[in-house]
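Just target05.csv here, CSV, C-alpha atoms and all ligand atoms:
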```csv
chain,number,residue,atom,x,y,z
I,1,ALA,CA,-27.5,-66.5,-109.5
I,2,THR,CA,-26.5,-63.3,-107.8
I,3,SER,CA,-26.6,-62.5,-104.1
I,4,GLU,CA,-27.8,-59.1,-103.1
I,5,GLY,CA,-26.6,-59.5,-99.5
I,6,THR,CA,-29.2,-60.0,-96.8
I,7,GLU,CA,-27.2,-59.4,-93.7
I,8,THR,CA,-28.3,-56.6,-91.6
I,9,GLU,CA,-25.9,-54.4,-89.6
I,10,SER,CA,-25.9,-54.5,-85.9
I,11,SER,CA,-24.4,-51.1,-85.3
I,12,SER,CA,-26.4,-49.4,-82.5
I,13,VAL,CA,-26.0,-45.7,-83.3
I,14,ALA,CA,-26.1,-44.4,-86.8
I,15,PRO,CA,-25.3,-40.8,-87.7
I,16,ALA,CA,-28.4,-38.7,-88.4
I,17,SER,CA,-28.0,-38.8,-92.1
I,18,MET,CA,-27.8,-42.6,-92.2
I,19,ALA,CA,-30.4,-43.2,-89.6
I,20,THR,CA,-33.1,-41.8,-91.8
I,21,ARG,CA,-32.3,-44.4,-94.5
I,22,PRO,CA,-32.4,-47.7,-92.7
I,23,ASN,CA,-33.4,-49.7,-95.7
I,24,ILE,CA,-30.7,-48.5,-98.1
I,25,ARG,CA,-27.8,-50.8,-98.5
I,26,PRO,CA,-25.3,-51.7,-101.2
I,27,LEU,CA,-26.5,-54.3,-103.7
I,28,GLN,CA,-24.3,-56.7,-105.6
I,29,VAL,CA,-24.7,-55.8,-109.3
I,30,LEU,CA,-22.2,-58.1,-110.8
I,31,ALA,CA,-21.1,-61.5,-109.5
I,32,LEU,CA,-19.1,-64.4,-110.9
I,33,ALA,CA,-21.3,-67.2,-112.2
I,34,SER,CA,-19.2,-69.6,-110.0
I,35,SER,CA,-15.8,-69.3,-108.2
I,36,SER,CA,-14.0,-71.1,-111.0
I,37,SER,CA,-15.8,-69.4,-113.8
I,38,THR,CA,-14.7,-66.4,-115.8
I,39,ARG,CA,-18.3,-65.7,-116.7
I,40,PHE,CA,-20.3,-63.3,-114.6
I,41,VAL,CA,-23.9,-62.4,-114.0
I,42,LEU,CA,-25.4,-59.0,-114.0
I,43,ASN,CA,-28.0,-58.4,-111.4
I,44,GLU,CA,-30.4,-56.5,-113.6
I,45,GLU,CA,-33.1,-56.3,-111.0
I,46,ALA,CA,-30.8,-54.5,-108.6
I,47,LEU,CA,-29.5,-52.2,-111.3
I,48,LYS,CA,-33.1,-51.3,-112.4
I,49,ARG,CA,-34.1,-50.6,-108.8
I,50,ILE,CA,-31.2,-48.2,-108.4
I,51,LEU,CA,-31.0,-46.5,-111.8
I,52,CYS,CA,-34.6,-46.5,-113.1
I,53,ASP,CA,-36.4,-45.0,-110.1
I,54,SER,CA,-38.4,-42.1,-111.4
I,55,LYS,CA,-36.6,-39.6,-109.1
I,56,VAL,CA,-33.3,-40.3,-110.9
I,57,ALA,CA,-33.8,-42.2,-114.2
I,58,ASN,CA,-33.5,-39.1,-116.4
I,59,ARG,CA,-30.9,-37.3,-114.4
I,60,LYS,CA,-27.3,-37.0,-115.4
I,61,VAL,CA,-25.3,-39.7,-113.6
I,62,VAL,CA,-21.9,-39.3,-111.8
I,63,VAL,CA,-20.3,-42.7,-111.1
I,64,ILE,CA,-17.6,-42.9,-108.5
I,65,SER,CA,-16.0,-46.3,-108.3
I,66,VAL,CA,-13.4,-47.6,-105.8
I,67,ALA,CA,-11.5,-50.6,-107.1
I,68,GLY,CA,-8.9,-52.8,-105.7
I,69,ALA,CA,-8.0,-55.9,-103.7
I,70,PHE,CA,-9.9,-57.3,-100.7
I,71,ARG,CA,-9.6,-55.8,-97.2
I,72,LYS,CA,-7.7,-52.7,-98.2
I,73,GLY,CA,-10.2,-50.2,-96.7
I,74,LYS,CA,-12.4,-49.6,-99.7
I,75,SER,CA,-15.7,-50.0,-97.8
I,76,PHE,CA,-14.3,-47.8,-95.0
I,77,LEU,CA,-13.6,-45.1,-97.5
I,78,LEU,CA,-17.0,-45.4,-99.2
I,79,ASN,CA,-18.7,-44.9,-95.9
I,80,PHE,CA,-17.0,-41.5,-95.7
I,81,PHE,CA,-18.1,-40.8,-99.2
I,82,LEU,CA,-21.7,-41.6,-98.2
I,83,GLU,CA,-21.5,-39.5,-95.1
I,84,TYR,CA,-20.2,-36.5,-97.1
I,85,LEU,CA,-22.7,-36.8,-99.9
I,86,TYR,CA,-25.8,-37.3,-97.7
I,87,SER,CA,-24.7,-34.5,-95.5
I,88,LEU,CA,-24.1,-32.2,-98.5
I,89,SER,CA,-27.4,-33.2,-100.1
I,90,GLU,CA,-29.3,-32.4,-96.9
I,91,ALA,CA,-27.4,-29.1,-96.4
I,92,GLN,CA,-28.4,-28.1,-99.9
I,93,GLU,CA,-32.0,-28.9,-99.3
I,94,GLU,CA,-32.1,-26.9,-96.0
I,95,ASN,CA,-29.8,-24.2,-97.3
I,96,CYS,CA,-27.3,-24.5,-94.4
I,97,GLU,CA,-23.6,-25.3,-93.8
I,98,HIS,CA,-22.6,-28.9,-93.3
I,99,ASP,CA,-20.1,-30.3,-90.8
I,100,TRP,CA,-19.8,-33.8,-92.2
I,101,LEU,CA,-16.9,-35.2,-90.2
I,102,SER,CA,-17.3,-34.0,-86.6
I,103,ASP,CA,-15.7,-36.0,-83.8
I,104,GLU,CA,-19.1,-36.9,-82.3
I,105,LYS,CA,-20.1,-38.7,-85.4
I,106,GLN,CA,-20.2,-42.5,-85.6
I,107,LEU,CA,-20.0,-43.9,-89.0
I,108,ARG,CA,-22.4,-46.7,-89.7
I,109,GLY,CA,-19.5,-48.8,-90.8
I,110,PHE,CA,-21.7,-50.2,-93.5
I,111,HIS,CA,-20.6,-53.7,-94.5
I,112,TRP,CA,-20.5,-53.3,-98.3
I,113,LYS,CA,-20.0,-56.9,-99.0
I,114,ALA,CA,-22.8,-58.1,-96.8
I,115,GLY,CA,-24.1,-61.6,-97.6
I,116,ALA,CA,-21.1,-62.4,-99.7
I,117,HIS,CA,-18.0,-64.2,-98.6
I,118,ARG,CA,-15.5,-61.5,-97.7
I,119,ASP,CA,-13.2,-62.5,-100.5
I,120,THR,CA,-15.8,-62.5,-103.2
I,121,SER,CA,-14.9,-60.8,-106.5
I,122,GLY,CA,-17.6,-58.6,-107.9
I,123,MET,CA,-19.2,-55.2,-108.0
I,124,TRP,CA,-21.5,-53.5,-105.4
I,125,MET,CA,-23.5,-50.4,-105.9
I,126,TRP,CA,-25.0,-48.2,-103.2
I,127,GLY,CA,-28.8,-48.8,-103.1
I,128,GLU,CA,-29.8,-45.4,-104.3
I,129,PRO,CA,-28.1,-42.5,-106.2
I,130,ILE,CA,-27.7,-39.4,-104.1
I,131,LEU,CA,-28.9,-36.2,-105.6
I,132,ILE,CA,-26.4,-33.3,-105.5
I,133,ARG,CA,-27.1,-29.8,-106.9
I,134,ARG,CA,-24.3,-28.5,-109.0
I,135,ASP,CA,-23.3,-24.8,-109.2
I,136,ASP,CA,-25.5,-24.4,-112.3
I,137,GLY,CA,-28.5,-25.4,-110.3
I,138,GLU,CA,-29.0,-28.8,-111.9
I,139,LYS,CA,-29.2,-31.9,-109.7
I,140,VAL,CA,-27.1,-34.8,-110.7
I,141,ALA,CA,-27.4,-38.4,-109.4
I,142,VAL,CA,-24.3,-39.7,-107.7
I,143,VAL,CA,-23.8,-43.5,-107.8
I,144,LEU,CA,-21.1,-45.2,-105.6
I,145,VAL,CA,-19.6,-48.4,-106.7
I,146,ASP,CA,-17.2,-50.8,-104.9
I,147,THR,CA,-15.3,-53.3,-107.2
I,148,GLN,CA,-13.1,-55.9,-105.8
I,149,GLY,CA,-11.1,-58.9,-106.8
I,150,THR,CA,-7.6,-60.2,-106.7
I,151,PHE,CA,-4.9,-60.8,-109.3
I,152,ASP,CA,-3.5,-63.7,-107.2
I,153,ASN,CA,-3.4,-66.5,-109.8
I,154,ALA,CA,-4.2,-67.3,-113.4
I,155,SER,CA,-7.8,-68.2,-112.9
I,156,THR,CA,-8.6,-65.1,-110.8
I,157,TYR,CA,-6.6,-62.9,-113.2
I,158,ARG,CA,-9.0,-63.1,-116.1
I,159,GLN,CA,-12.0,-62.6,-113.8
I,160,CYS,CA,-10.6,-59.5,-112.2
I,161,THR,CA,-9.5,-58.0,-115.5
I,162,THR,CA,-13.0,-58.1,-116.8
I,163,ILE,CA,-14.6,-56.8,-113.6
I,164,PHE,CA,-12.1,-54.0,-113.2
I,165,ALA,CA,-12.4,-53.1,-116.9
I,166,LEU,CA,-16.2,-53.0,-116.7
I,167,SER,CA,-16.1,-50.8,-113.6
I,168,THR,CA,-13.7,-48.4,-115.4
I,169,MET,CA,-16.0,-48.2,-118.4
I,170,ILE,CA,-19.0,-47.2,-116.4
I,171,SER,CA,-17.4,-44.7,-114.0
I,172,SER,CA,-16.7,-41.0,-114.2
I,173,VAL,CA,-14.0,-41.4,-111.6
I,174,GLN,CA,-12.2,-44.7,-111.0
I,175,ILE,CA,-10.3,-44.7,-107.7
I,176,TYR,CA,-7.6,-47.4,-107.7
I,177,ASN,CA,-7.1,-48.2,-104.0
I,178,ILE,CA,-3.6,-49.5,-103.3
I,179,VAL,CA,-1.5,-49.9,-100.2
I,180,ASP,CA,2.0,-48.5,-99.5
I,181,THR,CA,3.0,-47.3,-102.9
I,182,ILE,CA,2.5,-47.6,-106.7
I,183,GLN,CA,4.3,-50.9,-107.5
I,184,GLU,CA,5.1,-51.9,-111.1
I,185,ASP,CA,2.6,-54.8,-110.9
I,186,SER,CA,-0.2,-52.5,-109.9
I,187,LEU,CA,0.6,-50.4,-113.0
I,188,GLN,CA,0.7,-53.5,-115.2
I,189,ASN,CA,-2.7,-54.8,-113.9
I,190,LEU,CA,-4.1,-51.4,-114.4
I,191,SER,CA,-2.9,-51.0,-118.0
I,192,LEU,CA,-4.3,-54.5,-118.8
I,193,PHE,CA,-7.8,-53.8,-117.6
I,194,VAL,CA,-7.7,-50.3,-119.1
I,195,GLU,CA,-6.7,-51.9,-122.4
I,196,TYR,CA,-9.6,-54.4,-122.2
I,197,GLY,CA,-11.9,-51.5,-121.5
I,198,ARG,CA,-10.5,-49.5,-124.4
I,199,LEU,CA,-10.9,-52.3,-126.9
I,200,ALA,CA,-14.5,-52.9,-125.8
I,201,THR,CA,-15.5,-49.3,-126.1
I,202,LYS,CA,-13.6,-48.7,-129.3
I,203,GLU,CA,-16.1,-50.4,-131.6
I,204,SER,CA,-18.7,-47.8,-131.0
I,205,GLY,CA,-16.4,-44.9,-130.0
I,206,ASP,CA,-14.3,-42.5,-131.8
I,207,SER,CA,-10.6,-43.2,-131.6
I,208,TYR,CA,-9.4,-39.6,-131.1
I,209,ARG,CA,-11.0,-39.2,-127.7
I,210,LYS,CA,-9.6,-40.6,-124.5
I,211,PRO,CA,-12.0,-43.3,-123.5
I,212,PHE,CA,-12.2,-42.7,-119.8
I,213,GLN,CA,-12.5,-39.6,-117.6
I,214,THR,CA,-10.7,-39.5,-114.2
I,215,LEU,CA,-8.3,-42.0,-112.6
I,216,VAL,CA,-7.3,-41.6,-109.0
I,217,PHE,CA,-4.5,-43.5,-107.4
I,218,LEU,CA,-5.3,-43.7,-103.7
I,219,ILE,CA,-2.4,-44.9,-101.6
I,220,ARG,CA,-3.2,-46.2,-98.2
I,221,ASP,CA,-0.7,-46.4,-95.3
I,222,PHE,CA,1.8,-44.4,-97.2
I,223,LYS,CA,5.1,-44.6,-95.2
I,224,SER,CA,7.4,-42.0,-96.8
I,225,PRO,CA,5.9,-38.6,-96.0
I,226,ASP,CA,9.4,-37.1,-95.8
I,227,ASP,CA,9.9,-37.9,-99.5
I,228,TYR,CA,6.4,-37.0,-100.6
I,229,PRO,CA,4.0,-35.2,-98.2
I,230,TYR,CA,0.5,-36.7,-97.5
I,231,GLY,CA,-2.4,-35.6,-99.6
I,232,LYS,CA,-2.7,-34.4,-103.1
I,233,GLU,CA,0.5,-32.4,-103.3
I,234,GLY,CA,2.8,-35.3,-102.4
I,235,GLY,CA,0.5,-37.6,-104.5
I,236,THR,CA,1.0,-35.5,-107.6
I,237,ALA,CA,4.8,-35.4,-107.1
I,238,LEU,CA,4.9,-39.2,-106.6
I,239,LEU,CA,2.6,-39.8,-109.6
I,240,ASN,CA,4.8,-37.6,-111.9
I,241,ASP,CA,7.9,-39.7,-110.8
I,242,VAL,CA,6.1,-43.0,-111.3
I,243,LEU,CA,4.6,-42.2,-114.6
I,244,LYS,CA,7.6,-40.6,-116.1
I,245,VAL,CA,8.7,-41.9,-119.4
I,246,THR,CA,12.4,-41.9,-120.2
I,247,LYS,CA,14.5,-42.9,-123.2
I,248,ASP,CA,16.5,-45.5,-121.3
I,249,GLN,CA,13.4,-47.2,-119.9
I,250,GLU,CA,12.6,-50.8,-120.9
I,251,PRO,CA,10.0,-50.6,-123.7
I,252,GLU,CA,7.6,-52.6,-121.6
I,253,LEU,CA,7.6,-50.2,-118.7
I,254,ARG,CA,7.3,-47.3,-121.1
I,255,ASP,CA,4.3,-48.8,-122.9
I,256,VAL,CA,2.5,-49.4,-119.6
I,257,ARG,CA,2.9,-45.7,-118.7
I,258,GLU,CA,1.9,-44.4,-122.1
I,259,GLN,CA,-1.1,-46.7,-122.1
I,260,ILE,CA,-2.4,-45.4,-118.8
I,261,LYS,CA,-1.9,-41.8,-119.7
I,262,ASN,CA,-3.6,-42.2,-123.1
I,263,CYS,CA,-6.7,-43.7,-121.6
I,264,PHE,CA,-7.7,-41.0,-119.0
I,265,ASP,CA,-8.5,-37.3,-119.4
I,266,LYS,CA,-7.2,-36.7,-115.9
I,267,ILE,CA,-5.0,-38.7,-113.5
I,268,LEU,CA,-4.7,-37.8,-109.8
I,269,CYS,CA,-3.0,-39.3,-106.8
I,270,TYR,CA,-3.5,-38.9,-103.0
I,271,LEU,CA,-1.4,-40.2,-100.2
I,272,LEU,CA,-3.1,-41.2,-97.0
I,273,PRO,CA,-1.4,-42.0,-93.7
I,274,HIS,CA,-2.2,-45.0,-91.6
I,275,PRO,CA,-5.6,-44.4,-89.9
I,276,GLY,CA,-4.4,-45.6,-86.5
I,277,PHE,CA,-4.6,-48.9,-84.8
I,278,LYS,CA,-8.1,-48.4,-83.5
I,279,VAL,CA,-9.2,-48.5,-87.1
I,280,SER,CA,-7.0,-51.2,-88.4
I,281,GLU,CA,-7.8,-53.6,-85.6
I,282,ARG,CA,-11.4,-54.2,-86.5
I,283,ILE,CA,-12.5,-55.5,-83.1
I,284,SER,CA,-12.0,-52.3,-81.3
I,285,PHE,CA,-13.2,-49.9,-84.0
I,286,LYS,CA,-16.9,-49.0,-83.8
I,287,GLY,CA,-17.0,-46.3,-86.4
I,288,HIS,CA,-16.4,-43.3,-84.0
I,289,VAL,CA,-14.8,-40.5,-85.9
I,290,ARG,CA,-12.9,-39.5,-82.7
I,291,ASP,CA,-11.0,-42.9,-82.8
I,292,ILE,CA,-9.5,-42.1,-86.2
I,293,ARG,CA,-5.9,-40.9,-86.1
I,294,PRO,CA,-6.0,-37.0,-86.5
I,295,ALA,CA,-3.5,-37.1,-89.4
I,296,PHE,CA,-5.8,-39.4,-91.3
I,297,LYS,CA,-8.9,-37.5,-90.5
I,298,ASN,CA,-7.2,-34.3,-91.7
I,299,GLU,CA,-6.4,-35.8,-95.0
I,300,LEU,CA,-10.0,-37.2,-95.4
I,301,GLU,CA,-11.3,-33.7,-94.7
I,302,LYS,CA,-9.4,-32.6,-97.8
I,303,LEU,CA,-9.7,-35.6,-100.0
I,304,VAL,CA,-13.4,-36.3,-99.8
I,305,PRO,CA,-14.6,-32.8,-100.7
I,306,ASP,CA,-11.9,-32.4,-103.3
I,307,LEU,CA,-13.3,-35.4,-105.2
I,308,LEU,CA,-17.0,-35.0,-104.4
I,309,ASN,CA,-17.8,-31.3,-104.1
I,310,PRO,CA,-20.6,-30.1,-106.4
I,311,THR,CA,-18.1,-28.5,-108.9
I,312,ALA,CA,-15.9,-31.5,-109.0
I,313,LEU,CA,-18.7,-34.0,-109.8
I,314,GLU,CA,-18.4,-34.9,-113.5
I,315,PRO,CA,-21.3,-36.6,-115.1
I,316,LYS,CA,-20.5,-39.8,-116.9
I,317,GLU,CA,-19.7,-39.3,-120.6
I,318,ILE,CA,-19.7,-42.1,-123.2
I,319,ASN,CA,-18.4,-41.3,-126.7
I,320,GLY,CA,-18.5,-37.6,-125.8
I,321,LYS,CA,-22.2,-37.7,-124.7
I,322,ILE,CA,-23.3,-37.1,-121.1
I,323,ILE,CA,-25.5,-40.0,-120.0
I,324,THR,CA,-28.4,-40.4,-117.6
I,325,CYS,CA,-29.0,-43.1,-115.0
I,326,LYS,CA,-31.3,-45.0,-117.3
I,327,LYS,CA,-28.8,-44.9,-120.1
I,328,LEU,CA,-26.1,-46.2,-117.8
I,329,LEU,CA,-28.1,-49.4,-117.3
I,330,GLU,CA,-28.2,-49.9,-121.1
I,331,TYR,CA,-24.5,-49.4,-121.4
I,332,PHE,CA,-23.9,-51.7,-118.4
I,333,ARG,CA,-25.8,-54.4,-120.2
I,334,GLU,CA,-24.1,-53.9,-123.5
I,335,TYR,CA,-20.6,-53.9,-121.9
I,336,ALA,CA,-21.3,-56.9,-119.8
I,337,ARG,CA,-22.4,-58.7,-123.0
I,338,THR,CA,-19.2,-57.8,-124.8
I,339,PHE,CA,-17.1,-59.4,-122.0
I,340,ASP,CA,-19.2,-62.4,-121.5
I,341,GLY,CA,-18.0,-65.5,-123.3
W,1,LIG,P1,-12.3,-53.7,-98.3
W,1,LIG,O1,-12.4,-55.2,-98.3
W,1,LIG,O2,-11.3,-53.2,-99.2
W,1,LIG,O3,-13.7,-53.0,-98.5
W,1,LIG,O4,-11.8,-53.3,-96.8
W,1,LIG,P2,-12.6,-52.7,-95.5
W,1,LIG,O5,-13.1,-51.3,-95.7
W,1,LIG,O6,-13.6,-53.7,-95.1
W,1,LIG,O7,-11.4,-52.7,-94.5
W,1,LIG,C1,-10.7,-53.8,-94.1
W,1,LIG,C2,-10.0,-53.5,-92.7
W,1,LIG,O8,-9.0,-52.5,-92.8
W,1,LIG,C3,-11.0,-53.0,-91.6
W,1,LIG,O9,-10.6,-53.5,-90.4
W,1,LIG,C4,-10.8,-51.4,-91.7
W,1,LIG,O10,-11.1,-50.8,-90.5
W,1,LIG,C5,-9.3,-51.4,-91.9
W,1,LIG,N1,-8.9,-50.1,-92.7
W,1,LIG,C6,-9.6,-49.2,-93.3
W,1,LIG,N2,-8.9,-48.3,-93.9
W,1,LIG,C7,-7.6,-48.6,-93.6
W,1,LIG,C8,-6.3,-48.0,-94.0
W,1,LIG,O11,-6.2,-46.9,-94.7
W,1,LIG,N3,-5.2,-48.6,-93.5
W,1,LIG,C9,-5.3,-49.7,-92.7
W,1,LIG,N4,-4.1,-50.3,-92.3
W,1,LIG,N5,-6.4,-50.3,-92.4
W,1,LIG,C10,-7.6,-49.8,-92.8
```

Structure encoded using structure tokens:
Amino acid sequence: ATSEGTETESSSVAPASMATRPNIRPLQVLALASSSSTRFVLNEEALKRILCDSKVANRKVVVISVAGAFRKGKSFLLNFFLEYLYSLSEAQEENCEHDWLSDEKQLRGFHWKAGAHRDTSGMWMWGEPILIRRDDGEKVAVVLVDTQGTFDNASTYRQCTTIFALSTMISSVQIYNIVDTIQEDSLQNLSLFVEYGRLATKESGDSYRKPFQTLVFLIRDFKSPDDYPYGKEGGTALLNDVLKVTKDQEPELRDVREQIKNCFDKILCYLLPHPGFKVSERISFKGHVRDIRPAFKNELEKLVPDLLNPTALEPKEINGKIITCKKLLEYFREYARTFDG
């Protein structure tokens, strides 16, 4: 019942790193059984193809997930992640430096939700893990995931909660992609799906450990750089203000904050400026790096390596144990079963 997406991209020039992998594309690994259903279907075949390939099956897995509403630039960001990771992986093989974001580059602009209606809730995974050598010499398999849905109304609310909970449970880093600023309702949605995930992992887990690894708030089109500067520094300051717990706060607001803090080992925040109108007006943007507003490009040049450099990559741990790609498939199956019904 799932769609893997069969559309092909018409982009004429792909960057060198992508051009060598014309057949790799994102696959939909989780889809709703129907638009009105709260049940969903796991695409086991796609997951097996990605995670059980002999090159990666027994390697430690690092799962980077970007989650959020439709059309908020998640795919756009993931294409930069791909560019960086492939470029790094090739530079490691050839033992050379890598210039992953030069102005001459044209990003493939990969359409992550190919084959699906653009507003489809679900989870997509890049068609192969990318191998990156960490400082200790061991190669880890990096898996990229795009999770989207909307909290618009009661029927989509439940669907999204389970999808976002599941993507949090399987990821090492969950990037929560939001626009403008961290609103109270984004925090509430987050605390709900985190709670779902926590309950589902609790049965097998140990209750002293925080259930999840890293949460990143990624704020797009941030408009108050005078109050909080762009990047990690401003993000950290904003996050500290938003997650502050005070005595005179409503108990409900306090609980949401405690809940989020208690569920993740690490919480980060980055503020990104608007990428420029050549990017936001889809018709004119063809993926040329030179068309991206310099302020945005500068922030990407810091953000992407900060999250994905070989030292930063954290293998996925479940109940305190590092897991492999093959094991991830087993957990995926088990978690999906917990939520189904
Ligand atoms: P997704 O549905 O969340 O994956 O969103 P897409 O990556 O497909 O992006 C939707 C549209 O927003 C595209 O036209 C992008 O070029 C544009 N876009 C990407 N990043 C940003 C951003 O940070 N701000 C704005 N305003 N637009 C963006």

Set the distance at 7 Å and use all atoms listed in the file: which residues neighbour Val143 of chain I once local chain neighbours fewer than 2 positions away are removed? I'd like the list as a PDB file with C-alpha atoms, in the frame of the given file.
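The new file selection_23.pdb reads:
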```
ATOM      1  CA  VAL I  62     -21.900 -39.300-111.800  1.00  0.00           C
ATOM      2  CA  VAL I  63     -20.300 -42.700-111.100  1.00  0.00           C
ATOM      3  CA  ILE I  64     -17.600 -42.900-108.500  1.00  0.00           C
ATOM      4  CA  TRP I 126     -25.000 -48.200-103.200  1.00  0.00           C
ATOM      5  CA  PRO I 129     -28.100 -42.500-106.200  1.00  0.00           C
ATOM      6  CA  ILE I 130     -27.700 -39.400-104.100  1.00  0.00           C
ATOM      7  CA  ALA I 141     -27.400 -38.400-109.400  1.00  0.00           C
ATOM      8  CA  VAL I 145     -19.600 -48.400-106.700  1.00  0.00           C
TER       9      VAL I 145
END
```

Cut-off 12 Å around (-9.1, -52.6, -88.5) with all atoms listed in the file: residues as a list in words
Arg71, Lys72, Gly73, Ser75, Phe76, Gly109, His274, Pro275, Gly276, Phe277, Lys278, Val279, Ser280, Glu281, Arg282, Ile283, Ser284, Phe285, Lys286, Gly287, Asp291 and Ile292 of chain I

Distance of atom CA of Thr168 of chain I from atom CA of Cys263 of chain I, expressed in Å to one decimal place
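Between these atoms lies a distance of 10.5 Å.
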
Separation of atom CA of Leu77 of chain I from atom O5 of ligand LIG 1 (chain W), in Å and rounded to one decimal:
6.5 Å

Have a look at atom CA of Val289 of chain I and atom CA of Tyr228 of chain I and let me know their distance in Å, one decimal.
26.0 Å

Which one is closest to Lys302 of chain I: I:Leu51, I:Val179, I:Leu101, I:Leu30? Count all atoms listed in the file.
I:Leu101

Show which residues sit within 10 Å of Val56 of chain I, as a VMD selection string. Count only C-alpha atoms, and ignore same-chain residues fewer than 6 positions away.
chain I and resid 50 128 to 131 139 to 142 324 to 326

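Take the candidates I:Lys74, I:Lys266, I:Lys327, I:Lys247 and check each one against ligand LIG 1 (chain W) using all atoms listed in the file; the shortest distance goes to I:Lys74.
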
Which residue of I:Gln92, I:Ala154, I:Leu307, I:Gly68 approaches Arg220 of chain I most closely, using only C-alpha atoms:
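Distance minimum relative to Arg220 of chain I lands on I:Gly68.
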
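By chain and then residue number, the residues within 9 Å of Ile318 of chain I are Met169, Ile170, Thr201, Gly205, Pro211, Phe212, Ile323 and Tyr331 of chain I, counting all atoms listed in the file and disregarding those fewer than 5 positions away in sequence.
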
Which residue is closest to ligand LIG 1 (chain W)? Choose from I:Ala91, I:Cys96, I:Ala165, I:Leu218 and count only C-alpha atoms and all ligand atoms.
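Of all the options, I:Leu218 lies closest to ligand LIG 1 (chain W).
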
Can you tell me, as a ChimeraX atom specification, what residues are no more than 8 Å from Met123 of chain I when counting all atoms listed in the file, ignoring any on the same chain fewer than 3 positions away?
/I:28-31,145-148,163,167

Just give me the residues with any atom within 7 Å of (-9.6, -63.2, -99.2), file coordinates, counting all atoms listed in the file, written as a ChimeraX atom specification.
/I:70,118-119

With distances taken over only C-alpha atoms and all ligand atoms, which of I:Ser171, I:Ser121, I:Gln188, I:Asn309 is nearest to ligand LIG 1 (chain W)?
I:Ser121

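Taking all atoms listed in the file into account, ligand LIG 1 (chain W) lies nearest to I:His111 out of the set I:His111, I:Lys232, I:Lys223, I:Arg209.
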
Find the residues around Pro26 of chain I up to 8 Å (all atoms listed in the file counted), leave out those fewer than 6 positions away in its own chain, and share them as a VMD selection string.
chain I and resid 112 to 113 124 to 127

Calculate, to one decimal in Å, the centre and edge lengths of the box along x, y and z of the file that holds all listed atoms of segment 258-273 of chain I with 6 Å of margin on each side, and present them as JSON.
```
{"center_x": -3.3, "center_y": -41.7, "center_z": -108.4, "size_x": 22.4, "size_y": 22.0, "size_z": 41.4}
```

How about completing segment 167-179 of chain I with N, CA and C atoms and giving it to me as an mmCIF file, in the coordinates of the input?
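And here's rebuild38.cif as it stands now:
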```cif
data_model
loop_
_atom_site.group_PDB
_atom_site.id
_atom_site.type_symbol
_atom_site.label_atom_id
_atom_site.label_comp_id
_atom_site.auth_asym_id
_atom_site.auth_seq_id
_atom_site.Cartn_x
_atom_site.Cartn_y
_atom_site.Cartn_z
ATOM 1 N N SER I 167 -15.864 -51.865 -114.553
ATOM 2 C CA SER I 167 -16.100 -50.800 -113.600
ATOM 3 C C SER I 167 -15.452 -49.469 -114.104
ATOM 4 N N THR I 168 -14.319 -49.600 -114.809
ATOM 5 C CA THR I 168 -13.700 -48.400 -115.400
ATOM 6 C C THR I 168 -14.564 -47.822 -116.482
ATOM 7 N N MET I 169 -15.159 -48.704 -117.274
ATOM 8 C CA MET I 169 -16.000 -48.200 -118.400
ATOM 9 C C MET I 169 -17.223 -47.510 -117.960
ATOM 10 N N ILE I 170 -17.779 -47.899 -116.804
ATOM 11 C CA ILE I 170 -19.000 -47.200 -116.400
ATOM 12 C C ILE I 170 -18.808 -46.066 -115.450
ATOM 13 N N SER I 171 -17.547 -45.796 -115.051
ATOM 14 C CA SER I 171 -17.400 -44.700 -114.000
ATOM 15 C C SER I 171 -16.889 -43.409 -114.597
ATOM 16 N N SER I 172 -17.250 -42.335 -113.902
ATOM 17 C CA SER I 172 -16.700 -41.000 -114.200
ATOM 18 C C SER I 172 -15.343 -40.897 -113.538
ATOM 19 N N VAL I 173 -15.267 -41.445 -112.306
ATOM 20 C CA VAL I 173 -14.000 -41.400 -111.600
ATOM 21 C C VAL I 173 -13.726 -42.854 -111.099
ATOM 22 N N GLN I 174 -12.589 -43.375 -111.496
ATOM 23 C CA GLN I 174 -12.200 -44.700 -111.000
ATOM 24 C C GLN I 174 -11.060 -44.492 -110.007
ATOM 25 N N ILE I 175 -11.332 -44.903 -108.777
ATOM 26 C CA ILE I 175 -10.300 -44.700 -107.700
ATOM 27 C C ILE I 175 -9.639 -46.097 -107.528
ATOM 28 N N TYR I 176 -8.368 -46.128 -107.801
ATOM 29 C CA TYR I 176 -7.600 -47.400 -107.700
ATOM 30 C C TYR I 176 -6.963 -47.372 -106.310
ATOM 31 N N ASN I 177 -7.491 -48.228 -105.440
ATOM 32 C CA ASN I 177 -7.100 -48.200 -104.000
ATOM 33 C C ASN I 177 -5.937 -49.187 -103.802
ATOM 34 N N ILE I 178 -4.768 -48.660 -103.464
ATOM 35 C CA ILE I 178 -3.600 -49.500 -103.300
ATOM 36 C C ILE I 178 -2.901 -49.189 -101.948
ATOM 37 N N VAL I 179 -2.111 -50.122 -101.467
ATOM 38 C CA VAL I 179 -1.500 -49.900 -100.200
ATOM 39 C C VAL I 179 0.036 -49.676 -100.384
#
```
